[in-house]
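A.B. asks: One file: structure-v9.cif (mmCIF, C-alpha atoms).
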data_input
#
loop_
_atom_site.group_PDB
_atom_site.id
_atom_site.type_symbol
_atom_site.label_atom_id
_atom_site.label_comp_id
_atom_site.auth_asym_id
_atom_site.auth_seq_id
_atom_site.Cartn_x
_atom_site.Cartn_y
_atom_site.Cartn_z
ATOM 1 C CA MET A 26 -33.918 16.377 12.570
ATOM 2 C CA LYS A 27 -33.151 20.068 12.756
ATOM 3 C CA ILE A 28 -34.596 20.158 16.277
ATOM 4 C CA PHE A 29 -32.327 17.287 17.299
ATOM 5 C CA GLU A 30 -29.312 19.089 15.764
ATOM 6 C CA LYS A 31 -30.197 22.179 17.739
ATOM 7 C CA TRP A 32 -30.588 20.355 21.060
ATOM 8 C CA LYS A 33 -28.048 17.572 20.588
ATOM 9 C CA TYR A 34 -25.888 18.861 23.472
ATOM 10 C CA LEU A 35 -28.883 18.930 25.782
ATOM 11 C CA VAL A 36 -29.845 15.379 24.787
ATOM 12 C CA PHE A 37 -26.271 14.242 25.400
ATOM 13 C CA THR A 38 -26.247 15.948 28.815
ATOM 14 C CA LEU A 39 -29.527 14.344 29.822
ATOM 15 C CA PHE A 40 -28.217 10.943 28.732
ATOM 16 C CA LEU A 41 -25.055 11.463 30.797
ATOM 17 C CA ALA A 42 -27.153 12.540 33.771
ATOM 18 C CA PHE A 43 -29.187 9.355 33.478
ATOM 19 C CA ILE A 44 -25.998 7.241 33.474
ATOM 20 C CA LEU A 45 -24.524 9.072 36.492
ATOM 21 C CA ILE A 46 -27.741 8.862 38.502
ATOM 22 C CA SER A 47 -28.074 5.160 37.650
ATOM 23 C CA LEU A 48 -24.499 4.489 38.806
ATOM 24 C CA SER A 49 -25.100 6.509 41.978
ATOM 25 C CA ILE A 50 -28.233 4.496 42.787
ATOM 26 C CA LEU A 51 -26.451 1.235 41.983
ATOM 27 C CA ALA A 52 -23.591 2.125 44.328
ATOM 28 C CA ASN A 53 -26.033 2.349 47.260
ATOM 29 C CA THR A 54 -28.019 -0.802 46.578
ATOM 30 C CA TYR A 55 -27.429 -4.489 47.016
ATOM 31 C CA THR A 56 -25.677 -6.436 44.289
ATOM 32 C CA ILE A 57 -26.492 -9.946 45.511
ATOM 33 C CA GLN A 58 -29.857 -11.449 46.321
ATOM 34 C CA ILE A 59 -30.379 -14.244 48.838
ATOM 35 C CA VAL A 60 -32.800 -16.373 46.851
ATOM 36 C CA SER A 61 -33.548 -18.928 49.573
ATOM 37 C CA VAL A 62 -32.469 -20.230 52.968
ATOM 38 C CA GLU A 63 -33.611 -23.700 53.978
ATOM 39 C CA THR A 64 -32.607 -26.255 56.580
ATOM 40 C CA THR A 65 -32.094 -29.928 55.835
ATOM 41 C CA ASP A 66 -30.791 -33.065 57.498
ATOM 42 C CA MET A 67 -27.465 -34.665 56.605
ATOM 43 C CA GLU A 68 -29.052 -36.398 53.603
ATOM 44 C CA GLY A 69 -30.392 -33.129 52.188
ATOM 45 C CA ASN A 70 -34.040 -33.723 53.114
ATOM 46 C CA PRO A 71 -35.849 -30.503 54.104
ATOM 47 C CA LYS A 72 -36.350 -30.445 57.875
ATOM 48 C CA THR A 73 -37.258 -27.744 60.404
ATOM 49 C CA THR A 74 -37.593 -29.713 63.648
ATOM 50 C CA PHE A 75 -34.483 -31.164 65.241
ATOM 51 C CA LYS A 76 -33.294 -32.670 68.510
ATOM 52 C CA CYS A 77 -30.424 -31.554 70.733
ATOM 53 C CA GLY A 78 -27.203 -33.117 69.452
ATOM 54 C CA GLU A 79 -28.438 -33.441 65.846
ATOM 55 C CA PHE A 80 -26.714 -32.004 62.790
ATOM 56 C CA VAL A 81 -28.377 -29.248 60.773
ATOM 57 C CA VAL A 82 -27.467 -28.219 57.238
ATOM 58 C CA VAL A 83 -28.316 -24.665 56.202
ATOM 59 C CA LYS A 84 -28.651 -24.505 52.423
ATOM 60 C CA VAL A 85 -28.337 -20.968 51.045
ATOM 61 C CA THR A 86 -28.894 -19.945 47.418
ATOM 62 C CA ILE A 87 -27.585 -16.570 46.272
ATOM 63 C CA LYS A 88 -27.707 -14.784 42.937
ATOM 64 C CA SER A 89 -25.628 -11.961 41.489
ATOM 65 C CA LEU A 90 -27.652 -8.932 40.423
ATOM 66 C CA LEU A 91 -24.747 -7.476 38.488
ATOM 67 C CA THR A 92 -24.808 -7.927 34.746
ATOM 68 C CA TYR A 93 -21.413 -6.533 33.809
ATOM 69 C CA GLU A 94 -18.779 -7.863 36.252
ATOM 70 C CA ALA A 95 -17.940 -10.645 38.691
ATOM 71 C CA GLN A 96 -17.951 -9.987 42.443
ATOM 72 C CA ASP A 97 -16.341 -11.609 45.470
ATOM 73 C CA TYR A 98 -18.492 -12.350 48.511
ATOM 74 C CA LEU A 99 -18.368 -13.556 52.095
ATOM 75 C CA LEU A 100 -21.411 -15.566 53.153
ATOM 76 C CA ILE A 101 -21.944 -15.865 56.918
ATOM 77 C CA VAL A 102 -24.374 -18.188 58.674
ATOM 78 C CA GLU A 103 -25.065 -17.451 62.343
ATOM 79 C CA VAL A 104 -27.217 -19.550 64.652
ATOM 80 C CA PHE A 105 -28.818 -18.238 67.857
ATOM 81 C CA ASN A 106 -30.430 -20.337 70.582
ATOM 82 C CA PRO A 107 -33.628 -19.143 72.333
ATOM 83 C CA HIS A 108 -31.488 -17.113 74.792
ATOM 84 C CA ASP A 109 -29.799 -15.067 72.014
ATOM 85 C CA VAL A 110 -26.539 -16.960 72.410
ATOM 86 C CA VAL A 111 -24.589 -17.639 69.217
ATOM 87 C CA ILE A 112 -24.128 -21.402 69.158
ATOM 88 C CA ALA A 113 -22.643 -21.595 65.641
ATOM 89 C CA LEU A 114 -20.959 -19.114 63.321
ATOM 90 C CA GLY A 115 -19.743 -20.307 59.944
ATOM 91 C CA PHE A 116 -18.781 -18.738 56.687
ATOM 92 C CA THR A 117 -17.758 -19.382 53.123
ATOM 93 C CA SER A 118 -16.316 -17.089 50.493
ATOM 94 C CA GLY A 119 -16.358 -17.148 46.728
ATOM 95 C CA SER A 120 -16.912 -15.248 43.517
ATOM 96 C CA LEU A 121 -20.077 -14.809 41.502
ATOM 97 C CA ALA A 122 -20.046 -14.266 37.749
ATOM 98 C CA PRO A 123 -22.558 -11.731 36.330
ATOM 99 C CA GLY A 124 -26.066 -13.099 36.868
ATOM 100 C CA GLU A 125 -24.732 -16.343 38.342
ATOM 101 C CA GLN A 126 -26.702 -18.281 40.971
ATOM 102 C CA VAL A 127 -25.009 -20.659 43.420
ATOM 103 C CA SER A 128 -26.078 -22.812 46.357
ATOM 104 C CA THR A 129 -23.900 -23.472 49.349
ATOM 105 C CA GLY A 130 -24.401 -25.499 52.512
ATOM 106 C CA TYR A 131 -23.258 -24.913 56.073
ATOM 107 C CA GLY A 132 -23.524 -27.729 58.578
ATOM 108 C CA PHE A 133 -23.461 -27.417 62.362
ATOM 109 C CA LYS A 134 -24.243 -29.565 65.375
ATOM 110 C CA ILE A 135 -26.818 -28.502 67.929
ATOM 111 C CA PRO A 136 -25.107 -28.886 71.317
ATOM 112 C CA GLU A 137 -26.105 -31.965 73.322
ATOM 113 C CA CYS A 138 -26.926 -29.784 76.330
ATOM 114 C CA CYS A 139 -29.006 -27.353 74.281
ATOM 115 C CA THR A 140 -31.981 -25.289 75.386
ATOM 116 C CA PRO A 141 -35.094 -26.499 73.536
ATOM 117 C CA GLY A 142 -37.116 -23.904 71.674
ATOM 118 C CA THR A 143 -36.883 -21.789 68.550
ATOM 119 C CA PHE A 144 -33.413 -21.319 67.117
ATOM 120 C CA THR A 145 -32.853 -18.397 64.725
ATOM 121 C CA ILE A 146 -30.557 -18.731 61.723
ATOM 122 C CA LYS A 147 -29.313 -15.500 60.139
ATOM 123 C CA VAL A 148 -27.540 -15.269 56.781
ATOM 124 C CA PHE A 149 -25.401 -12.317 55.711
ATOM 125 C CA VAL A 150 -23.625 -11.671 52.405
ATOM 126 C CA TRP A 151 -20.859 -9.097 52.714
ATOM 127 C CA ASN A 152 -17.742 -8.131 50.780
ATOM 128 C CA GLY A 153 -15.630 -9.155 53.813
ATOM 129 C CA TRP A 154 -15.292 -8.957 57.586
ATOM 130 C CA PRO A 155 -16.101 -5.517 59.118
ATOM 131 C CA ALA A 156 -12.991 -5.639 61.339
ATOM 132 C CA ALA A 157 -10.722 -6.375 58.386
ATOM 133 C CA LEU A 158 -12.232 -4.033 55.784
ATOM 134 C CA GLY A 159 -13.179 -1.093 57.998
ATOM 135 C CA GLU A 160 -14.657 1.744 55.968
ATOM 136 C CA ASN A 161 -14.419 -0.357 52.799
ATOM 137 C CA TRP A 162 -16.863 -2.873 54.257
ATOM 138 C CA LYS A 163 -20.138 -3.248 52.397
ATOM 139 C CA ALA A 164 -23.242 -5.402 52.716
ATOM 140 C CA LEU A 165 -23.887 -7.052 49.358
ATOM 141 C CA SER A 166 -27.376 -8.217 50.208
ATOM 142 C CA ALA A 167 -30.160 -7.739 52.699
ATOM 143 C CA PRO A 168 -29.846 -10.271 55.539
ATOM 144 C CA ASP A 169 -32.165 -13.260 55.576
ATOM 145 C CA THR A 170 -33.509 -15.204 58.540
ATOM 146 C CA THR A 171 -35.094 -18.572 59.125
ATOM 147 C CA THR A 172 -35.949 -20.567 62.242
ATOM 148 C CA ILE A 173 -35.864 -24.170 63.389
ATOM 149 C CA THR A 174 -37.564 -25.847 66.319
ATOM 150 C CA VAL A 175 -35.348 -27.839 68.652
ATOM 151 C CA LYS A 176 -36.674 -30.441 71.057
ATOM 152 C CA THR A 177 -34.869 -32.462 73.715
ATOM 153 C CA MET B 26 -25.440 28.823 20.510
ATOM 154 C CA LYS B 27 -27.573 29.437 23.598
ATOM 155 C CA GLY B 28 -28.502 25.750 23.731
ATOM 156 C CA LYS B 29 -24.842 24.787 23.530
ATOM 157 C CA ILE B 30 -23.830 27.082 26.428
ATOM 158 C CA PHE B 31 -26.819 25.982 28.494
ATOM 159 C CA SER B 32 -25.912 22.313 27.942
ATOM 160 C CA ILE B 33 -22.279 22.851 28.923
ATOM 161 C CA ILE B 34 -23.264 24.718 32.111
ATOM 162 C CA LEU B 35 -25.773 21.988 32.998
ATOM 163 C CA LEU B 36 -23.139 19.328 32.396
ATOM 164 C CA LEU B 37 -20.627 21.122 34.616
ATOM 165 C CA ILE B 38 -23.153 21.541 37.438
ATOM 166 C CA LEU B 39 -24.057 17.872 37.176
ATOM 167 C CA LEU B 40 -20.421 16.752 37.298
ATOM 168 C CA ILE B 41 -19.601 18.982 40.268
ATOM 169 C CA THR B 42 -22.699 17.812 42.152
ATOM 170 C CA THR B 43 -21.816 14.173 41.507
ATOM 171 C CA MET B 44 -18.241 14.737 42.653
ATOM 172 C CA ILE B 45 -19.356 16.497 45.850
ATOM 173 C CA GLN B 46 -21.847 13.719 46.538
ATOM 174 C CA THR B 47 -19.187 11.047 45.982
ATOM 175 C CA LEU B 48 -16.645 12.781 48.196
ATOM 176 C CA SER B 49 -19.093 13.621 50.976
ATOM 177 C CA SER B 50 -20.460 10.071 51.117
ATOM 178 C CA VAL B 51 -17.191 8.799 52.601
ATOM 179 C CA SER B 52 -16.981 11.110 55.599
ATOM 180 C CA TYR B 53 -19.259 9.490 58.165
ATOM 181 C CA VAL B 54 -18.316 9.677 61.815
ATOM 182 C CA VAL B 55 -19.041 6.293 63.385
ATOM 183 C CA THR B 56 -19.263 5.755 67.132
ATOM 184 C CA VAL B 57 -19.851 2.394 68.764
ATOM 185 C CA GLU B 58 -20.519 1.812 72.432
ATOM 186 C CA THR B 59 -21.660 -0.971 74.723
ATOM 187 C CA ASN B 60 -24.015 -0.479 77.686
ATOM 188 C CA LYS B 61 -21.288 -1.670 80.088
ATOM 189 C CA VAL B 62 -17.546 -2.329 80.094
ATOM 190 C CA LYS B 63 -17.600 -5.477 82.253
ATOM 191 C CA TYR B 64 -19.971 -8.389 81.849
ATOM 192 C CA TYR B 65 -20.427 -11.718 83.532
ATOM 193 C CA ARG B 66 -21.147 -14.812 81.509
ATOM 194 C CA TYR B 67 -24.762 -15.183 80.381
ATOM 195 C CA GLU B 68 -25.366 -11.423 80.481
ATOM 196 C CA THR B 69 -26.713 -9.558 77.451
ATOM 197 C CA VAL B 70 -24.425 -7.106 75.661
ATOM 198 C CA TYR B 71 -26.200 -4.111 74.113
ATOM 199 C CA ILE B 72 -24.281 -2.355 71.336
ATOM 200 C CA THR B 73 -25.315 1.033 69.929
ATOM 201 C CA VAL B 74 -23.826 2.525 66.772
ATOM 202 C CA THR B 75 -24.337 6.170 65.853
ATOM 203 C CA ILE B 76 -23.610 7.606 62.404
ATOM 204 C CA THR B 77 -23.211 11.331 61.924
ATOM 205 C CA GLU B 78 -22.153 13.530 59.045
ATOM 206 C CA ASN B 79 -20.977 17.043 59.894
ATOM 207 C CA GLY B 80 -22.549 16.560 63.318
ATOM 208 C CA ASN B 81 -25.947 15.551 61.964
ATOM 209 C CA PRO B 82 -27.407 12.032 62.356
ATOM 210 C CA VAL B 83 -27.646 10.062 59.126
ATOM 211 C CA LYS B 84 -30.625 7.816 58.478
ATOM 212 C CA GLY B 85 -30.584 4.675 56.349
ATOM 213 C CA VAL B 86 -26.897 3.778 56.603
ATOM 214 C CA ILE B 87 -26.140 0.054 56.611
ATOM 215 C CA VAL B 88 -23.868 -0.926 59.501
ATOM 216 C CA GLY B 89 -21.959 -4.174 59.998
ATOM 217 C CA ILE B 90 -20.973 -5.340 63.500
ATOM 218 C CA GLN B 91 -18.300 -7.865 64.405
ATOM 219 C CA VAL B 92 -17.405 -9.005 67.917
ATOM 220 C CA ASP B 93 -14.160 -10.938 68.372
ATOM 221 C CA ASP B 94 -13.368 -13.070 71.439
ATOM 222 C CA PRO B 95 -10.056 -12.770 73.374
ATOM 223 C CA ASP B 96 -8.441 -15.139 70.841
ATOM 224 C CA GLY B 97 -9.461 -12.886 67.933
ATOM 225 C CA ASN B 98 -12.156 -15.184 66.556
ATOM 226 C CA PRO B 99 -15.509 -13.701 65.482
ATOM 227 C CA ILE B 100 -18.271 -14.780 67.879
ATOM 228 C CA TYR B 101 -21.046 -12.445 66.783
ATOM 229 C CA VAL B 102 -21.880 -10.533 63.597
ATOM 230 C CA GLU B 103 -24.927 -8.520 62.666
ATOM 231 C CA GLN B 104 -26.163 -6.051 60.079
ATOM 232 C CA GLY B 105 -28.533 -3.151 60.666
ATOM 233 C CA THR B 106 -29.707 0.188 59.299
ATOM 234 C CA THR B 107 -29.638 3.499 61.153
ATOM 235 C CA ASP B 108 -32.899 5.146 62.203
ATOM 236 C CA ASP B 109 -33.942 8.829 62.173
ATOM 237 C CA ASN B 110 -31.488 9.531 65.000
ATOM 238 C CA GLY B 111 -28.622 7.924 63.091
ATOM 239 C CA LYS B 112 -28.637 5.036 65.571
ATOM 240 C CA VAL B 113 -28.822 1.277 65.229
ATOM 241 C CA SER B 114 -28.766 -1.182 68.132
ATOM 242 C CA PHE B 115 -27.673 -4.790 68.430
ATOM 243 C CA HIS B 116 -27.672 -7.264 71.302
ATOM 244 C CA PHE B 117 -26.505 -10.767 72.085
ATOM 245 C CA THR B 118 -25.901 -12.915 75.156
ATOM 246 C CA VAL B 119 -22.383 -13.796 76.284
ATOM 247 C CA GLY B 120 -22.582 -17.587 76.278
ATOM 248 C CA ASP B 121 -24.707 -19.911 78.383
ATOM 249 C CA PRO B 122 -23.895 -22.971 80.516
ATOM 250 C CA CYS B 123 -23.927 -25.037 77.318
ATOM 251 C CA CYS B 124 -21.657 -22.676 75.352
ATOM 252 C CA PRO B 125 -19.650 -20.760 77.987
ATOM 253 C CA ALA B 126 -17.895 -17.593 76.854
ATOM 254 C CA LYS B 127 -14.176 -17.083 77.453
ATOM 255 C CA HIS B 128 -13.041 -14.605 80.069
ATOM 256 C CA GLY B 129 -11.079 -11.619 78.741
ATOM 257 C CA TRP B 130 -11.352 -8.636 76.447
ATOM 258 C CA TYR B 131 -13.672 -8.691 73.441
ATOM 259 C CA ASN B 132 -13.258 -6.317 70.468
ATOM 260 C CA VAL B 133 -16.314 -4.724 68.880
ATOM 261 C CA THR B 134 -15.992 -3.269 65.368
ATOM 262 C CA ALA B 135 -18.691 -1.255 63.621
ATOM 263 C CA SER B 136 -18.112 -0.651 59.918
ATOM 264 C CA THR B 137 -20.077 1.143 57.259
ATOM 265 C CA PRO B 138 -19.115 2.278 53.770
ATOM 266 C CA GLY B 139 -17.234 5.430 54.696
ATOM 267 C CA GLY B 140 -16.519 4.881 58.384
ATOM 268 C CA LYS B 141 -15.310 2.537 61.118
ATOM 269 C CA SER B 142 -15.177 2.517 64.905
ATOM 270 C CA THR B 143 -14.081 0.051 67.568
ATOM 271 C CA THR B 144 -14.602 -0.474 71.272
ATOM 272 C CA LYS B 145 -13.901 -3.172 73.848
ATOM 273 C CA PHE B 146 -15.645 -4.926 76.699
ATOM 274 C CA GLN B 147 -14.512 -7.480 79.235
ATOM 275 C CA VAL B 148 -16.047 -10.739 80.361
ATOM 276 C CA VAL B 149 -15.017 -11.365 83.964
ATOM 277 C CA PRO B 150 -15.571 -14.314 86.325
ATOM 278 C CA ARG B 151 -18.697 -14.040 88.397
ATOM 279 C CA PRO B 152 -17.876 -13.559 92.121
ATOM 280 C CA PRO B 153 -18.882 -16.568 94.260
ATOM 281 C CA VAL B 154 -22.161 -16.278 96.128
ATOM 282 C CA GLY B 155 -21.842 -15.740 99.938
ATOM 283 C CA GLY B 156 -18.310 -14.386 100.200
ATOM 284 C CA LYS B 157 -14.917 -14.074 98.726
ATOM 285 C CA ILE B 158 -12.481 -16.966 98.546
ATOM 286 C CA GLU B 159 -8.848 -15.968 98.581
ATOM 287 C CA LYS B 160 -5.760 -18.057 97.913
ATOM 288 C CA ILE B 161 -4.508 -19.882 101.026
ATOM 289 C CA ASP B 162 -1.077 -21.517 101.244
ATOM 290 C CA LYS B 163 -0.411 -24.835 103.026
ATOM 291 C CA ILE B 164 1.215 -23.394 106.159
ATOM 292 C CA GLU B 165 -1.635 -20.917 106.551
ATOM 293 C CA LEU B 166 -4.130 -23.743 106.128
ATOM 294 C CA LEU B 167 -2.284 -25.871 108.780
ATOM 295 C CA SER B 168 -2.189 -22.995 111.255
ATOM 296 C CA LEU B 169 -5.884 -22.370 110.646
ATOM 297 C CA LEU B 170 -6.617 -26.049 111.342
ATOM 298 C CA ILE B 171 -4.573 -25.968 114.573
ATOM 299 C CA VAL B 172 -6.080 -22.711 115.819
ATOM 300 C CA ASP B 173 -9.613 -23.771 114.942
ATOM 301 C CA ASN B 174 -9.117 -27.137 116.731
ATOM 302 C CA LEU B 175 -6.933 -25.843 119.577
ATOM 303 C CA GLY B 176 -9.399 -26.875 122.326
ATOM 304 C CA PRO B 177 -9.665 -30.571 121.363
ATOM 305 C CA ILE B 178 -5.891 -30.716 120.724
ATOM 306 C CA ILE B 179 -5.060 -29.335 124.215
ATOM 307 C CA LEU B 180 -7.621 -31.691 125.780
ATOM 308 C CA THR B 181 -6.133 -34.689 123.947
ATOM 309 C CA VAL B 182 -2.596 -33.739 125.006
ATOM 310 C CA ALA B 183 -3.763 -33.251 128.604
ATOM 311 C CA ILE B 184 -5.520 -36.657 128.688
ATOM 312 C CA ILE B 185 -2.398 -38.367 127.249
ATOM 313 C CA PHE B 186 -0.279 -36.575 129.880
ATOM 314 C CA VAL B 187 -2.579 -37.673 132.705
ATOM 315 C CA ILE B 188 -2.612 -41.284 131.465
ATOM 316 C CA CYS B 189 1.191 -41.267 131.224
ATOM 317 C CA CYS B 190 1.440 -39.893 134.789
ATOM 318 C CA ILE B 191 -0.951 -42.582 136.141
ATOM 319 C CA ILE B 192 0.986 -45.345 134.324
ATOM 320 C CA LYS B 193 4.284 -43.989 135.740
ATOM 321 C CA MET B 194 2.798 -43.749 139.266
ATOM 322 C CA PHE B 195 1.559 -47.348 139.191
ATOM 323 C CA SER B 196 4.862 -48.582 137.841
ATOM 324 C CA HIS B 197 6.687 -46.838 140.742
ATOM 325 C CA LYS B 198 4.320 -48.461 143.291
ATOM 326 C CA GLU B 199 4.958 -51.911 141.830
ATOM 327 C CA LYS B 200 8.719 -51.411 142.252
#
Would you mind writing the file's structure down as C-alpha cells?
C.D. replies:
Amino acid sequence: MKIFEKWKYLVFTLFLAFILISLSILANTYTIQIVSVETTDMEGNPKTTFKCGEFVVVKVTIKSLLTYEAQDYLLIVEVFNPHDVVIALGFTSGSLAPGEQVSTGYGFKIPECCTPGTFTIKVFVWNGWPAALGENWKALSAPDTTTITVKT
Amino acid sequence: MKGKIFSIILLLILLITTMIQTLSSVSYVVTVETNKVKYYRYETVYITVTITENGNPVKGVIVGIQVDDPDGNPIYVEQGTTDDNGKVSFHFTVGDPCCPAKHGWYNVTASTPGGKSTTKFQVVPRPPVGGKIEKIDKIELLSLLIVDNLGPIILTVAIIFVICCIIKMFSHKEK
C-alpha cells in the first residue's frame, strides 16, 4: 500500500493517458457497423438476379458501436450499371441509440431500357452530405458493396 | 516528492501533446480536380482529391465526394481513403442513353474531417457528326430554296411564257 501511496500520482497520470489515447483512437474510427446488405424482391424474398424494369429492394442492417450516446446518421444507397452510370441514388436518415441495430429498405426500379450485366450497389453511412457539412463531414462506417445480375 | 513532480510534468506533456494533436488534425488542405472541364454525355469523369498538411501528403484520410447536377441534386457520392501520396481517385460515367445526364454545370465537393474543397465541370451537347448546323430563319430558308432551284424555276417560267406566246399567236391567227 505504501508503494501505491508513493506512486499514486503516476498511476493517476497513466490512467488519464489511457483515457485520452482511447478517446483519440475512438475519434478516428467508425462508430457504426454495416451488419448486412441484401437484395430482395417486393415481397421481401432474397433475390440477386433481376430483369430490366423490375423493382429491387436493398435491405441494409446497421448497428451502433457506441455504448454511451445516441448518434444521427445518413444512409445512402447508390446503384451503378455495368457502365459505371448511377441509375439510382437514395437515402434515409435517422438516429441510433447506443448499441442499437436497425434495418432499413431502399427500393428502386431498374430502367426498362437497361444494359444487362452486373449492377453494383454501394452503401454509405455518413453523418451528413459532404457538400452541406464541409469539414465537419465524417464517415460513420466503412462502405459496403453488393452486386446483382440483371438480364433482359 | 520526486514522484509527484515527475507525474505532474508527465501529465502536462501529455495534455499539451493531446491538444497539439487535436488542433493540428483540423488543418488539412484539400484539393479536388477533374481530368477535364467539359464532358459530353456518356464520358467518364475522373476526380482526384489530394490531402496535404503543412505541404506534406497525408495518408489514410477518409474522403467523401458528392457531385450535384445543374439542379443541385446529388447524382454521385463516393467514399475513399488517401494513399501514400495523399491522393484518392474516383470515377463515374455521365449518364447513358437510358439515363441521360442534364447539360450544364456540375458541382463537385470533397470533404474530410478537417477540410473541404469544391470544383466544377460542365456537360455540353455533343456536336453533330459531319458538320455544324446553325439556326436558319424562314426567309433565309426560302431564299436558299429559290437559289438552289433557280435553274428549274427559270426553265418552268420560260416554258409557261413560250406556251402563252403560242396560244396568243394562234388566237390572233383565228381572228
A.B. asks: Evaluate the PyMOL selection byres ((chain B) within 7 of (chain A)) here and jot the selected residues down as JSON, numbers by chain.
C.D. replies: {"B": [28, 29, 32, 36, 89, 90, 91, 100, 101, 117, 118, 119, 120, 121, 123, 124, 134, 135, 136, 137, 138, 139, 140, 141]}
A.B. asks: Could you list, as a PyMOL selection string, every residue matched by the PyMOL selection byres ((chain B and resi 58-74) around 8) in this structure?
C.D. replies: chain B and resi 55-57+75-76+112-122+125-126+135+144-151
A.B. asks: To one decimal in Å, tell me the separation between atom CA of Pro141 of chain A and atom CA of Thr73 of chain A.
C.D. replies: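 Atom CA of Thr73 of chain A lies 13.4 Å from atom CA of Pro141 of chain A.
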A.B. asks: As a PDB file, keeping the file's coordinate frame, could you write out segment 123-144 of chain B once it has been completed with N, CA and C atoms?
C.D. replies:
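Generated output (part_20.pdb):
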ATOM      1  N   CYS B 123     -24.235 -24.058  78.370  1.00  0.00           N
ATOM      2  CA  CYS B 123     -23.927 -25.037  77.318  1.00  0.00           C
ATOM      3  C   CYS B 123     -22.778 -24.558  76.423  1.00  0.00           C
ATOM      4  N   CYS B 124     -22.720 -23.259  76.186  1.00  0.00           N
ATOM      5  CA  CYS B 124     -21.657 -22.676  75.352  1.00  0.00           C
ATOM      6  C   CYS B 124     -21.009 -21.532  76.136  1.00  0.00           C
ATOM      7  N   PRO B 125     -20.200 -21.843  77.155  1.00  0.00           N
ATOM      8  CA  PRO B 125     -19.650 -20.760  77.987  1.00  0.00           C
ATOM      9  C   PRO B 125     -18.688 -19.864  77.224  1.00  0.00           C
ATOM     10  N   ALA B 126     -18.787 -18.561  77.513  1.00  0.00           N
ATOM     11  CA  ALA B 126     -17.895 -17.593  76.854  1.00  0.00           C
ATOM     12  C   ALA B 126     -16.557 -17.549  77.583  1.00  0.00           C
ATOM     13  N   LYS B 127     -15.511 -17.196  76.856  1.00  0.00           N
ATOM     14  CA  LYS B 127     -14.176 -17.083  77.453  1.00  0.00           C
ATOM     15  C   LYS B 127     -14.085 -15.781  78.254  1.00  0.00           C
ATOM     16  N   HIS B 128     -13.308 -15.827  79.321  1.00  0.00           N
ATOM     17  CA  HIS B 128     -13.041 -14.605  80.069  1.00  0.00           C
ATOM     18  C   HIS B 128     -11.974 -13.797  79.344  1.00  0.00           C
ATOM     19  N   GLY B 129     -12.086 -12.474  79.378  1.00  0.00           N
ATOM     20  CA  GLY B 129     -11.079 -11.619  78.741  1.00  0.00           C
ATOM     21  C   GLY B 129     -11.718 -10.476  77.984  1.00  0.00           C
ATOM     22  N   TRP B 130     -10.894  -9.822  77.187  1.00  0.00           N
ATOM     23  CA  TRP B 130     -11.352  -8.636  76.447  1.00  0.00           C
ATOM     24  C   TRP B 130     -11.897  -9.021  75.083  1.00  0.00           C
ATOM     25  N   TYR B 131     -13.031  -8.455  74.734  1.00  0.00           N
ATOM     26  CA  TYR B 131     -13.672  -8.691  73.441  1.00  0.00           C
ATOM     27  C   TYR B 131     -13.638  -7.385  72.629  1.00  0.00           C
ATOM     28  N   ASN B 132     -13.293  -7.493  71.351  1.00  0.00           N
ATOM     29  CA  ASN B 132     -13.258  -6.317  70.468  1.00  0.00           C
ATOM     30  C   ASN B 132     -14.559  -6.190  69.686  1.00  0.00           C
ATOM     31  N   VAL B 133     -15.094  -4.994  69.657  1.00  0.00           N
ATOM     32  CA  VAL B 133     -16.314  -4.724  68.880  1.00  0.00           C
ATOM     33  C   VAL B 133     -15.946  -3.765  67.750  1.00  0.00           C
ATOM     34  N   THR B 134     -16.262  -4.143  66.518  1.00  0.00           N
ATOM     35  CA  THR B 134     -15.992  -3.269  65.368  1.00  0.00           C
ATOM     36  C   THR B 134     -17.298  -2.964  64.647  1.00  0.00           C
ATOM     37  N   ALA B 135     -17.537  -1.682  64.421  1.00  0.00           N
ATOM     38  CA  ALA B 135     -18.691  -1.255  63.621  1.00  0.00           C
ATOM     39  C   ALA B 135     -18.155  -0.641  62.340  1.00  0.00           C
ATOM     40  N   SER B 136     -18.572  -1.178  61.208  1.00  0.00           N
ATOM     41  CA  SER B 136     -18.112  -0.651  59.918  1.00  0.00           C
ATOM     42  C   SER B 136     -19.297  -0.289  59.040  1.00  0.00           C
ATOM     43  N   THR B 137     -19.084   0.727  58.238  1.00  0.00           N
ATOM     44  CA  THR B 137     -20.077   1.143  57.259  1.00  0.00           C
ATOM     45  C   THR B 137     -19.302   1.724  56.084  1.00  0.00           C
ATOM     46  N   PRO B 138     -19.856   1.677  54.879  1.00  0.00           N
ATOM     47  CA  PRO B 138     -19.115   2.278  53.770  1.00  0.00           C
ATOM     48  C   PRO B 138     -18.831   3.748  54.072  1.00  0.00           C
ATOM     49  N   GLY B 139     -17.588   4.047  54.387  1.00  0.00           N
ATOM     50  CA  GLY B 139     -17.234   5.430  54.696  1.00  0.00           C
ATOM     51  C   GLY B 139     -16.900   5.687  56.151  1.00  0.00           C
ATOM     52  N   GLY B 140     -16.858   4.666  56.987  1.00  0.00           N
ATOM     53  CA  GLY B 140     -16.519   4.881  58.384  1.00  0.00           C
ATOM     54  C   GLY B 140     -16.327   3.597  59.156  1.00  0.00           C
ATOM     55  N   LYS B 141     -15.574   3.700  60.270  1.00  0.00           N
ATOM     56  CA  LYS B 141     -15.310   2.537  61.118  1.00  0.00           C
ATOM     57  C   LYS B 141     -15.054   3.008  62.546  1.00  0.00           C
ATOM     58  N   SER B 142     -15.457   2.199  63.509  1.00  0.00           N
ATOM     59  CA  SER B 142     -15.177   2.517  64.905  1.00  0.00           C
ATOM     60  C   SER B 142     -15.048   1.214  65.687  1.00  0.00           C
ATOM     61  N   THR B 143     -14.248   1.251  66.742  1.00  0.00           N
ATOM     62  CA  THR B 143     -14.081   0.051  67.568  1.00  0.00           C
ATOM     63  C   THR B 143     -14.232   0.404  69.042  1.00  0.00           C
ATOM     64  N   THR B 144     -14.585  -0.600  69.819  1.00  0.00           N
ATOM     65  CA  THR B 144     -14.602  -0.474  71.272  1.00  0.00           C
ATOM     66  C   THR B 144     -14.314  -1.852  71.862  1.00  0.00           C
TER      67      THR B 144
END
